[in-house]
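Have a look at data_15.tsv; it's TSV, N, CA and C atoms:
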```
chain	number	residue	atom	x	y	z
A	1	MET	N	-8.89	60.83	31.47
A	1	MET	CA	-9.29	59.54	31.93
A	1	MET	C	-8.87	58.46	30.92
A	2	SER	N	-9.04	58.72	29.66
A	2	SER	CA	-8.62	57.75	28.67
A	2	SER	C	-7.11	57.59	28.66
A	3	ALA	N	-6.39	58.66	29.00
A	3	ALA	CA	-4.93	58.56	29.05
A	3	ALA	C	-4.51	57.62	30.18
A	4	GLY	N	-5.26	57.63	31.27
A	4	GLY	CA	-4.97	56.73	32.39
A	4	GLY	C	-5.21	55.29	32.02
A	5	ARG	N	-6.26	55.07	31.27
A	5	ARG	CA	-6.53	53.71	30.83
A	5	ARG	C	-5.43	53.20	29.90
A	6	LEU	N	-5.00	54.07	29.00
A	6	LEU	CA	-3.95	53.67	28.09
A	6	LEU	C	-2.66	53.37	28.83
A	7	ALA	N	-2.34	54.17	29.83
A	7	ALA	CA	-1.11	53.95	30.59
A	7	ALA	C	-1.21	52.66	31.38
A	8	GLY	N	-2.41	52.37	31.93
A	8	GLY	CA	-2.61	51.13	32.68
A	8	GLY	C	-2.51	49.91	31.76
A	9	ALA	N	-3.08	50.05	30.56
A	9	ALA	CA	-3.02	48.95	29.62
A	9	ALA	C	-1.58	48.70	29.17
A	10	ALA	N	-0.84	49.79	29.00
A	10	ALA	CA	0.55	49.63	28.58
A	10	ALA	C	1.35	48.93	29.67
A	11	ARG	N	1.06	49.29	30.94
A	11	ARG	CA	1.76	48.61	32.03
A	11	ARG	C	1.39	47.13	32.10
A	12	THR	N	0.12	46.84	31.86
A	12	THR	CA	-0.32	45.45	31.92
A	12	THR	C	0.35	44.62	30.83
A	13	TRP	N	0.37	45.14	29.62
A	13	TRP	CA	0.99	44.41	28.53
A	13	TRP	C	2.50	44.31	28.69
A	14	ALA	N	3.10	45.32	29.26
A	14	ALA	CA	4.55	45.29	29.46
A	14	ALA	C	4.92	44.25	30.51
A	15	GLY	N	4.02	44.01	31.46
A	15	GLY	CA	4.31	43.04	32.52
A	15	GLY	C	4.12	41.61	32.07
A	16	CYS	N	3.38	41.39	31.01
A	16	CYS	CA	3.13	40.02	30.56
A	16	CYS	C	4.33	39.52	29.75
A	17	ARG	N	4.67	38.29	30.00
A	17	ARG	CA	5.71	37.66	29.21
A	17	ARG	C	5.07	36.65	28.27
A	18	ALA	N	5.76	36.37	27.23
A	18	ALA	CA	5.27	35.36	26.30
A	18	ALA	C	5.32	33.99	26.97
A	19	ARG	N	4.41	33.12	26.59
A	19	ARG	CA	4.40	31.79	27.18
A	19	ARG	C	5.69	31.05	26.81
A	20	GLU	N	6.21	30.35	27.77
A	20	GLU	CA	7.43	29.58	27.53
A	20	GLU	C	7.07	28.14	27.23
A	21	LEU	N	7.79	27.58	26.29
A	21	LEU	CA	7.59	26.18	25.97
A	21	LEU	C	8.29	25.34	27.01
A	22	PRO	N	7.75	24.17	27.34
A	22	PRO	CA	8.41	23.32	28.34
A	22	PRO	C	9.77	22.84	27.83
A	23	ASP	N	10.72	22.83	28.70
A	23	ASP	CA	12.07	22.40	28.37
A	23	ASP	C	12.16	20.89	28.54
A	24	PRO	N	12.39	20.14	27.45
A	24	PRO	CA	12.45	18.69	27.59
A	24	PRO	C	13.67	18.20	28.35
A	25	ALA	N	14.70	19.05	28.49
A	25	ALA	CA	15.90	18.64	29.20
A	25	ALA	C	15.71	18.69	30.71
A	26	ALA	N	14.73	19.45	31.16
A	26	ALA	CA	14.49	19.55	32.60
A	26	ALA	C	13.85	18.25	33.08
A	27	PRO	N	14.45	17.58	34.09
A	27	PRO	CA	13.93	16.28	34.51
A	27	PRO	C	12.56	16.37	35.17
A	28	ALA	N	12.22	17.48	35.80
A	28	ALA	CA	10.95	17.59	36.49
A	28	ALA	C	9.80	17.78	35.51
A	29	ARG	N	10.07	18.29	34.33
A	29	ARG	CA	9.01	18.61	33.39
A	29	ARG	C	8.96	17.64	32.21
A	30	LEU	N	9.76	16.59	32.24
A	30	LEU	CA	9.81	15.65	31.14
A	30	LEU	C	8.59	14.74	31.19
A	31	LEU	N	7.85	14.70	30.08
A	31	LEU	CA	6.67	13.86	29.99
A	31	LEU	C	7.04	12.59	29.24
A	32	VAL	N	6.72	11.45	29.81
A	32	VAL	CA	7.01	10.18	29.19
A	32	VAL	C	5.69	9.45	28.99
A	33	ARG	N	5.44	9.05	27.76
A	33	ARG	CA	4.23	8.31	27.46
A	33	ARG	C	4.64	6.98	26.86
A	34	ASP	N	4.31	5.91	27.52
A	34	ASP	CA	4.65	4.58	27.05
A	34	ASP	C	3.40	3.92	26.50
A	35	TYR	N	3.09	4.21	25.25
A	35	TYR	CA	1.91	3.63	24.64
A	35	TYR	C	2.21	2.27	24.04
A	36	ALA	N	3.36	2.10	23.43
A	36	ALA	CA	3.71	0.85	22.78
A	36	ALA	C	4.74	0.11	23.61
A	37	LYS	N	4.74	-1.19	23.47
A	37	LYS	CA	5.73	-1.98	24.20
A	37	LYS	C	7.09	-1.82	23.56
A	38	LYS	N	8.10	-1.92	24.35
A	38	LYS	CA	9.47	-1.86	23.85
A	38	LYS	C	9.78	-3.18	23.13
A	39	PRO	N	10.54	-3.13	22.03
A	39	PRO	CA	10.86	-4.38	21.33
A	39	PRO	C	11.82	-5.23	22.16
A	40	VAL	N	11.59	-6.52	22.13
A	40	VAL	CA	12.44	-7.46	22.85
A	40	VAL	C	13.54	-7.91	21.89
A	41	ILE	N	14.76	-7.74	22.30
A	41	ILE	CA	15.89	-8.08	21.45
A	41	ILE	C	16.41	-9.45	21.85
A	42	LYS	N	16.33	-10.38	20.90
A	42	LYS	CA	16.86	-11.72	21.13
A	42	LYS	C	18.29	-11.77	20.61
A	43	GLY	N	19.07	-12.59	21.19
A	43	GLY	CA	20.45	-12.73	20.71
A	43	GLY	C	21.33	-11.66	21.35
A	44	GLY	N	22.01	-10.91	20.54
A	44	GLY	CA	22.91	-9.89	21.06
A	44	GLY	C	22.97	-8.74	20.09
A	45	LYS	N	24.08	-8.02	20.13
A	45	LYS	CA	24.22	-6.87	19.25
A	45	LYS	C	24.44	-7.28	17.79
A	46	GLY	N	24.94	-8.46	17.57
A	46	GLY	CA	25.26	-8.89	16.22
A	46	GLY	C	24.05	-9.37	15.43
A	47	SER	N	22.96	-9.76	16.10
A	47	SER	CA	21.81	-10.28	15.37
A	47	SER	C	20.81	-9.17	15.09
A	48	LYS	N	19.83	-9.47	14.25
A	48	LYS	CA	18.79	-8.49	13.94
A	48	LYS	C	17.90	-8.31	15.16
A	49	ALA	N	17.36	-7.12	15.36
A	49	ALA	CA	16.56	-6.81	16.54
A	49	ALA	C	15.22	-7.53	16.48
A	50	GLY	N	14.95	-8.38	17.45
A	50	GLY	CA	13.65	-9.01	17.60
A	50	GLY	C	13.39	-10.17	16.64
A	51	VAL	N	14.33	-10.54	15.82
A	51	VAL	CA	14.11	-11.62	14.86
A	51	VAL	C	15.19	-12.67	15.06
A	52	GLY	N	14.75	-13.88	15.35
A	52	GLY	CA	15.70	-14.97	15.50
A	52	GLY	C	16.01	-15.58	14.15
A	53	SER	N	17.09	-16.28	14.05
A	53	SER	CA	17.48	-16.87	12.77
A	53	SER	C	16.56	-18.02	12.38
A	54	ASP	N	15.93	-18.68	13.37
A	54	ASP	CA	15.06	-19.79	13.05
A	54	ASP	C	13.66	-19.34	12.62
A	55	ASP	N	13.30	-18.07	12.82
A	55	ASP	CA	11.98	-17.57	12.45
A	55	ASP	C	11.84	-17.40	10.93
A	56	LEU	N	12.87	-16.93	10.25
A	56	LEU	CA	12.78	-16.67	8.83
A	56	LEU	C	13.38	-17.84	8.05
A	57	LYS	N	12.50	-18.57	7.36
A	57	LYS	CA	12.96	-19.68	6.53
A	57	LYS	C	12.33	-19.55	5.16
A	58	ASP	N	13.07	-19.92	4.15
A	58	ASP	CA	12.53	-19.93	2.80
A	58	ASP	C	11.59	-21.11	2.64
A	59	PRO	N	10.54	-20.96	1.82
A	59	PRO	CA	9.65	-22.10	1.60
A	59	PRO	C	10.36	-23.19	0.82
A	60	GLU	N	9.88	-24.39	1.02
A	60	GLU	CA	10.47	-25.52	0.31
A	60	GLU	C	10.08	-25.46	-1.16
A	61	VAL	N	11.03	-25.68	-2.03
A	61	VAL	CA	10.79	-25.63	-3.46
A	61	VAL	C	10.63	-27.05	-3.99
A	62	CYS	N	9.51	-27.30	-4.66
A	62	CYS	CA	9.24	-28.62	-5.22
A	62	CYS	C	9.87	-28.70	-6.61
A	63	THR	N	10.65	-29.74	-6.85
A	63	THR	CA	11.28	-29.93	-8.16
A	63	THR	C	10.76	-31.15	-8.88
A	64	ASP	N	9.77	-31.83	-8.31
A	64	ASP	CA	9.20	-33.02	-8.94
A	64	ASP	C	8.30	-32.60	-10.10
A	65	PRO	N	8.63	-32.97	-11.35
A	65	PRO	CA	7.82	-32.51	-12.49
A	65	PRO	C	6.41	-33.10	-12.51
A	66	VAL	N	6.24	-34.31	-12.00
A	66	VAL	CA	4.89	-34.91	-11.98
A	66	VAL	C	4.00	-34.15	-11.01
A	67	ARG	N	4.52	-33.83	-9.85
A	67	ARG	CA	3.73	-33.10	-8.85
A	67	ARG	C	3.44	-31.67	-9.32
A	68	LEU	N	4.36	-31.05	-10.02
A	68	LEU	CA	4.15	-29.69	-10.51
A	68	LEU	C	3.05	-29.63	-11.57
A	69	THR	N	2.88	-30.71	-12.34
A	69	THR	CA	1.86	-30.72	-13.39
A	69	THR	C	0.51	-31.22	-12.90
A	70	THR	N	0.44	-31.83	-11.73
A	70	THR	CA	-0.83	-32.35	-11.23
A	70	THR	C	-1.39	-31.60	-10.03
A	71	HIS	N	-0.61	-30.71	-9.43
A	71	HIS	CA	-1.07	-29.98	-8.25
A	71	HIS	C	-0.79	-28.48	-8.43
A	72	ALA	N	-1.63	-27.67	-7.81
A	72	ALA	CA	-1.42	-26.22	-7.79
A	72	ALA	C	-0.53	-25.90	-6.59
A	73	MET	N	0.73	-25.69	-6.84
A	73	MET	CA	1.70	-25.50	-5.76
A	73	MET	C	1.58	-24.09	-5.18
A	74	GLY	N	1.58	-23.99	-3.86
A	74	GLY	CA	1.53	-22.70	-3.18
A	74	GLY	C	0.14	-22.12	-3.02
A	75	VAL	N	-0.91	-22.86	-3.37
A	75	VAL	CA	-2.27	-22.35	-3.26
A	75	VAL	C	-2.84	-22.61	-1.88
A	76	ASN	N	-2.37	-23.64	-1.20
A	76	ASN	CA	-2.87	-23.97	0.13
A	76	ASN	C	-2.45	-22.88	1.11
A	77	ILE	N	-3.42	-22.24	1.77
A	77	ILE	CA	-3.11	-21.14	2.67
A	77	ILE	C	-2.98	-21.59	4.12
A	78	TYR	N	-3.26	-22.85	4.40
A	78	TYR	CA	-3.20	-23.36	5.77
A	78	TYR	C	-1.85	-23.97	6.06
A	79	LYS	N	-1.48	-24.00	7.33
A	79	LYS	CA	-0.21	-24.60	7.72
A	79	LYS	C	-0.22	-26.10	7.51
A	80	GLU	N	-1.33	-26.71	7.80
A	80	GLU	CA	-1.48	-28.16	7.64
A	80	GLU	C	-2.27	-28.42	6.37
A	81	GLY	N	-2.05	-29.56	5.75
A	81	GLY	CA	-2.84	-29.94	4.59
A	81	GLY	C	-1.98	-30.06	3.34
A	82	GLN	N	-2.63	-30.56	2.29
A	82	GLN	CA	-1.95	-30.82	1.03
A	82	GLN	C	-2.25	-29.72	0.02
A	83	ASP	N	-1.45	-29.66	-1.02
A	83	ASP	CA	-1.71	-28.74	-2.12
A	83	ASP	C	-2.93	-29.21	-2.90
A	84	VAL	N	-3.59	-28.28	-3.56
A	84	VAL	CA	-4.81	-28.58	-4.29
A	84	VAL	C	-4.47	-29.33	-5.57
A	85	ALA	N	-5.16	-30.44	-5.80
A	85	ALA	CA	-4.94	-31.23	-7.02
A	85	ALA	C	-5.70	-30.60	-8.18
A	86	LEU	N	-5.07	-30.56	-9.34
A	86	LEU	CA	-5.72	-30.00	-10.53
A	86	LEU	C	-6.71	-31.01	-11.11
A	87	LYS	N	-7.85	-30.49	-11.56
A	87	LYS	CA	-8.90	-31.32	-12.16
A	87	LYS	C	-8.70	-31.35	-13.67
A	88	PRO	N	-9.43	-32.23	-14.37
A	88	PRO	CA	-9.37	-32.22	-15.84
A	88	PRO	C	-9.95	-30.91	-16.39
A	89	ASP	N	-9.56	-30.56	-17.61
A	89	ASP	CA	-10.00	-29.30	-18.21
A	89	ASP	C	-11.51	-29.23	-18.39
A	90	ALA	N	-12.17	-30.35	-18.52
A	90	ALA	CA	-13.62	-30.36	-18.73
A	90	ALA	C	-14.38	-29.88	-17.50
A	91	GLU	N	-13.78	-29.94	-16.32
A	91	GLU	CA	-14.46	-29.53	-15.09
A	91	GLU	C	-14.33	-28.04	-14.80
A	92	TYR	N	-13.57	-27.32	-15.58
A	92	TYR	CA	-13.41	-25.87	-15.39
A	92	TYR	C	-14.30	-25.14	-16.39
A	93	PRO	N	-14.75	-23.91	-16.07
A	93	PRO	CA	-15.60	-23.16	-17.01
A	93	PRO	C	-14.82	-22.72	-18.25
A	94	GLU	N	-15.55	-22.46	-19.33
A	94	GLU	CA	-14.94	-22.10	-20.61
A	94	GLU	C	-14.22	-20.75	-20.55
A	95	TRP	N	-14.79	-19.79	-19.79
A	95	TRP	CA	-14.20	-18.45	-19.76
A	95	TRP	C	-12.80	-18.46	-19.15
A	96	LEU	N	-12.48	-19.48	-18.37
A	96	LEU	CA	-11.16	-19.56	-17.75
A	96	LEU	C	-10.06	-19.72	-18.79
A	97	PHE	N	-10.37	-20.42	-19.88
A	97	PHE	CA	-9.37	-20.65	-20.92
A	97	PHE	C	-9.36	-19.53	-21.96
A	98	GLN	N	-10.35	-18.63	-21.91
A	98	GLN	CA	-10.41	-17.52	-22.84
A	98	GLN	C	-9.81	-16.24	-22.26
A	99	MET	N	-9.36	-16.28	-21.02
A	99	MET	CA	-8.79	-15.09	-20.38
A	99	MET	C	-7.46	-14.72	-21.02
A	100	ASN	N	-7.20	-13.42	-21.08
A	100	ASN	CA	-5.93	-12.93	-21.61
A	100	ASN	C	-4.92	-12.91	-20.47
A	101	VAL	N	-3.96	-13.81	-20.51
A	101	VAL	CA	-2.94	-13.86	-19.45
A	101	VAL	C	-1.64	-13.23	-19.90
A	102	GLY	N	-1.60	-12.72	-21.12
A	102	GLY	CA	-0.41	-12.08	-21.65
A	102	GLY	C	-0.41	-10.59	-21.31
A	103	PRO	N	0.38	-9.81	-22.00
A	103	PRO	CA	0.40	-8.36	-21.75
A	103	PRO	C	-0.94	-7.74	-22.16
A	104	PRO	N	-1.32	-6.62	-21.55
A	104	PRO	CA	-2.60	-6.00	-21.89
A	104	PRO	C	-2.61	-5.50	-23.33
A	105	LYS	N	-3.80	-5.49	-23.93
A	105	LYS	CA	-3.92	-5.06	-25.32
A	105	LYS	C	-3.78	-3.55	-25.41
A	106	LYS	N	-3.23	-3.09	-26.52
A	106	LYS	CA	-3.08	-1.66	-26.76
A	106	LYS	C	-4.38	-1.11	-27.30
A	107	LEU	N	-4.51	0.21	-27.27
A	107	LEU	CA	-5.74	0.86	-27.69
A	107	LEU	C	-6.02	0.62	-29.17
A	108	GLU	N	-4.98	0.55	-29.97
A	108	GLU	CA	-5.15	0.34	-31.41
A	108	GLU	C	-5.65	-1.07	-31.73
A	109	GLU	N	-5.39	-2.03	-30.85
A	109	GLU	CA	-5.80	-3.41	-31.08
A	109	GLU	C	-7.27	-3.67	-30.74
A	110	LEU	N	-7.88	-2.77	-29.97
A	110	LEU	CA	-9.25	-2.99	-29.51
A	110	LEU	C	-10.26	-2.42	-30.50
A	111	ASP	N	-11.46	-2.96	-30.48
A	111	ASP	CA	-12.55	-2.51	-31.33
A	111	ASP	C	-13.22	-1.31	-30.66
A	112	PRO	N	-13.44	-0.18	-31.38
A	112	PRO	CA	-14.06	1.00	-30.75
A	112	PRO	C	-15.50	0.78	-30.33
A	113	GLU	N	-16.11	-0.31	-30.69
A	113	GLU	CA	-17.49	-0.57	-30.31
A	113	GLU	C	-17.61	-1.34	-28.99
A	114	THR	N	-16.49	-1.58	-28.33
A	114	THR	CA	-16.54	-2.36	-27.08
A	114	THR	C	-16.35	-1.45	-25.87
A	115	ARG	N	-16.84	-1.93	-24.77
A	115	ARG	CA	-16.69	-1.19	-23.51
A	115	ARG	C	-15.22	-1.16	-23.06
A	116	GLU	N	-14.49	-2.22	-23.33
A	116	GLU	CA	-13.08	-2.30	-22.96
A	116	GLU	C	-12.27	-1.19	-23.63
A	117	TYR	N	-12.60	-0.87	-24.89
A	117	TYR	CA	-11.93	0.20	-25.62
A	117	TYR	C	-12.14	1.54	-24.93
A	118	TRP	N	-13.40	1.83	-24.58
A	118	TRP	CA	-13.70	3.14	-23.99
A	118	TRP	C	-13.14	3.27	-22.58
A	119	ARG	N	-13.09	2.19	-21.85
A	119	ARG	CA	-12.46	2.25	-20.52
A	119	ARG	C	-10.96	2.54	-20.62
A	120	LEU	N	-10.31	1.88	-21.58
A	120	LEU	CA	-8.88	2.11	-21.76
A	120	LEU	C	-8.61	3.52	-22.27
A	121	LEU	N	-9.48	4.02	-23.14
A	121	LEU	CA	-9.32	5.39	-23.64
A	121	LEU	C	-9.46	6.40	-22.51
A	122	ARG	N	-10.43	6.18	-21.63
A	122	ARG	CA	-10.62	7.08	-20.48
A	122	ARG	C	-9.40	7.03	-19.55
A	123	LYS	N	-8.86	5.84	-19.35
A	123	LYS	CA	-7.68	5.70	-18.50
A	123	LYS	C	-6.49	6.44	-19.08
A	124	HIS	N	-6.30	6.34	-20.40
A	124	HIS	CA	-5.19	7.05	-21.05
A	124	HIS	C	-5.38	8.56	-20.94
A	125	ASN	N	-6.61	9.04	-21.08
A	125	ASN	CA	-6.86	10.48	-20.95
A	125	ASN	C	-6.62	10.97	-19.53
A	126	ILE	N	-6.97	10.17	-18.53
A	126	ILE	CA	-6.70	10.56	-17.14
A	126	ILE	C	-5.20	10.61	-16.90
A	127	TRP	N	-4.47	9.62	-17.42
A	127	TRP	CA	-3.00	9.63	-17.26
A	127	TRP	C	-2.40	10.85	-17.93
A	128	ARG	N	-2.88	11.20	-19.12
A	128	ARG	CA	-2.38	12.37	-19.85
A	128	ARG	C	-2.67	13.64	-19.08
A	129	HIS	N	-3.88	13.76	-18.55
A	129	HIS	CA	-4.25	14.96	-17.78
A	129	HIS	C	-3.39	15.08	-16.53
A	130	ASN	N	-3.13	13.97	-15.86
A	130	ASN	CA	-2.29	14.00	-14.65
A	130	ASN	C	-0.86	14.41	-14.99
A	131	ARG	N	-0.32	13.92	-16.12
A	131	ARG	CA	1.03	14.34	-16.52
A	131	ARG	C	1.09	15.81	-16.81
A	132	LEU	N	0.05	16.35	-17.52
A	132	LEU	CA	0.06	17.75	-17.86
A	132	LEU	C	-0.15	18.65	-16.65
A	133	SER	N	-1.00	18.23	-15.73
A	133	SER	CA	-1.28	19.08	-14.58
A	133	SER	C	-0.19	19.01	-13.52
A	134	LYS	N	0.72	18.04	-13.62
A	134	LYS	CA	1.81	17.95	-12.66
A	134	LYS	C	2.77	19.13	-12.81
A	135	ASN	N	2.90	19.68	-13.99
A	135	ASN	CA	3.86	20.77	-14.25
A	135	ASN	C	3.27	22.15	-14.05
A	136	ARG	N	1.98	22.25	-13.75
A	136	ARG	CA	1.36	23.56	-13.54
A	136	ARG	C	1.87	24.19	-12.25
A	137	LYS	N	1.99	25.50	-12.27
A	137	LYS	CA	2.47	26.19	-11.08
A	137	LYS	C	1.36	26.48	-10.09
A	138	PHE	N	0.13	26.59	-10.57
A	138	PHE	CA	-0.98	26.92	-9.68
A	138	PHE	C	-1.92	25.78	-9.55
```
Encoded form (structure tokens):
Amino acid sequence: MSAGRLAGAARTWAGCRARELPDPAAPARLLVRDYAKKPVIKGGKGSKAGVGSDDLKDPEVCTDPVRLTTHAMGVNIYKEGQDVALKPDAEYPEWLFQMNVGPPKKLEELDPETREYWRLLRKHNIWRHNRLSKNRKF
């Protein structure tokens, strides 16, 4: 009886074929999903796709030295309106003039009793660990 079951199972498995993947070349089985809109091409083959020449313009560069020293150029984020006028130094907070705008300080230049020193030391150790662990095989 068990031999009959085995023979039946062998016939069943022999009759099954592996699943076939759909053939994308067959026109009846081709699935088309249009989720995004097609780009609209302005101009012709010679121009960039979807971008007209009048859309991309460089910003106007101000060369007036008086205006450059009295206004913050490029700070205005709105299409309409004027650039922000600079105020006298007395109207700005003191910490603004004490900021380090140059290159960052090196670890040797900092005092070990400050929080800035320990943050920079931790950052250097993380960078060192990442460099060393990049070459590990496991």
| message | I want to know what sits within 5 Å of segment 85-102 of chain A, based on all atoms listed in the file, with residues of the same chain fewer than 2 positions away left out; could you give that as JSON, numbers by chain? | response | {"A": [70, 71, 72, 83, 104]}
What separates atom CA of Asn76 of chain A and atom CA of Pro59 of chain A is a distance of 12.7 Å
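Across the structure, atom CA of Glu80 of chain A and atom CA of Pro65 of chain A are spaced 22.6 Å apart.
The interatomic distance for the pair atom N of Gly74 of chain A and atom N of Lys57 of chain A works out to 16.6 Å.
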Assign secondary structure with DSSP using the backbone only, and return the residues of segment 48-116 of chain A in helix (DSSP H, G or I) as a PyMOL selection string. chain A and resi 65-70+89-91+94-96+107-109+115-116
Prev. selection, N, CA and C atoms, output as an mmCIF file, keeping the file's coordinate frame:
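Final file, result_27.cif:
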```
data_model
loop_
_atom_site.group_PDB
_atom_site.id
_atom_site.type_symbol
_atom_site.label_atom_id
_atom_site.label_comp_id
_atom_site.auth_asym_id
_atom_site.auth_seq_id
_atom_site.Cartn_x
_atom_site.Cartn_y
_atom_site.Cartn_z
ATOM 1 N N PRO A 65 8.630 -32.970 -11.350
ATOM 2 C CA PRO A 65 7.820 -32.510 -12.490
ATOM 3 C C PRO A 65 6.410 -33.100 -12.510
ATOM 4 N N VAL A 66 6.240 -34.310 -12.000
ATOM 5 C CA VAL A 66 4.890 -34.910 -11.980
ATOM 6 C C VAL A 66 4.000 -34.150 -11.010
ATOM 7 N N ARG A 67 4.520 -33.830 -9.850
ATOM 8 C CA ARG A 67 3.730 -33.100 -8.850
ATOM 9 C C ARG A 67 3.440 -31.670 -9.320
ATOM 10 N N LEU A 68 4.360 -31.050 -10.020
ATOM 11 C CA LEU A 68 4.150 -29.690 -10.510
ATOM 12 C C LEU A 68 3.050 -29.630 -11.570
ATOM 13 N N THR A 69 2.880 -30.710 -12.340
ATOM 14 C CA THR A 69 1.860 -30.720 -13.390
ATOM 15 C C THR A 69 0.510 -31.220 -12.900
ATOM 16 N N THR A 70 0.440 -31.830 -11.730
ATOM 17 C CA THR A 70 -0.830 -32.350 -11.230
ATOM 18 C C THR A 70 -1.390 -31.600 -10.030
ATOM 19 N N ASP A 89 -9.560 -30.560 -17.610
ATOM 20 C CA ASP A 89 -10.000 -29.300 -18.210
ATOM 21 C C ASP A 89 -11.510 -29.230 -18.390
ATOM 22 N N ALA A 90 -12.170 -30.350 -18.520
ATOM 23 C CA ALA A 90 -13.620 -30.360 -18.730
ATOM 24 C C ALA A 90 -14.380 -29.880 -17.500
ATOM 25 N N GLU A 91 -13.780 -29.940 -16.320
ATOM 26 C CA GLU A 91 -14.460 -29.530 -15.090
ATOM 27 C C GLU A 91 -14.330 -28.040 -14.800
ATOM 28 N N GLU A 94 -15.550 -22.460 -19.330
ATOM 29 C CA GLU A 94 -14.940 -22.100 -20.610
ATOM 30 C C GLU A 94 -14.220 -20.750 -20.550
ATOM 31 N N TRP A 95 -14.790 -19.790 -19.790
ATOM 32 C CA TRP A 95 -14.200 -18.450 -19.760
ATOM 33 C C TRP A 95 -12.800 -18.460 -19.150
ATOM 34 N N LEU A 96 -12.480 -19.480 -18.370
ATOM 35 C CA LEU A 96 -11.160 -19.560 -17.750
ATOM 36 C C LEU A 96 -10.060 -19.720 -18.790
ATOM 37 N N LEU A 107 -4.510 0.210 -27.270
ATOM 38 C CA LEU A 107 -5.740 0.860 -27.690
ATOM 39 C C LEU A 107 -6.020 0.620 -29.170
ATOM 40 N N GLU A 108 -4.980 0.550 -29.970
ATOM 41 C CA GLU A 108 -5.150 0.340 -31.410
ATOM 42 C C GLU A 108 -5.650 -1.070 -31.730
ATOM 43 N N GLU A 109 -5.390 -2.030 -30.850
ATOM 44 C CA GLU A 109 -5.800 -3.410 -31.080
ATOM 45 C C GLU A 109 -7.270 -3.670 -30.740
ATOM 46 N N ARG A 115 -16.840 -1.930 -24.770
ATOM 47 C CA ARG A 115 -16.690 -1.190 -23.510
ATOM 48 C C ARG A 115 -15.220 -1.160 -23.060
ATOM 49 N N GLU A 116 -14.490 -2.220 -23.330
ATOM 50 C CA GLU A 116 -13.080 -2.300 -22.960
ATOM 51 C C GLU A 116 -12.270 -1.190 -23.630
#
```
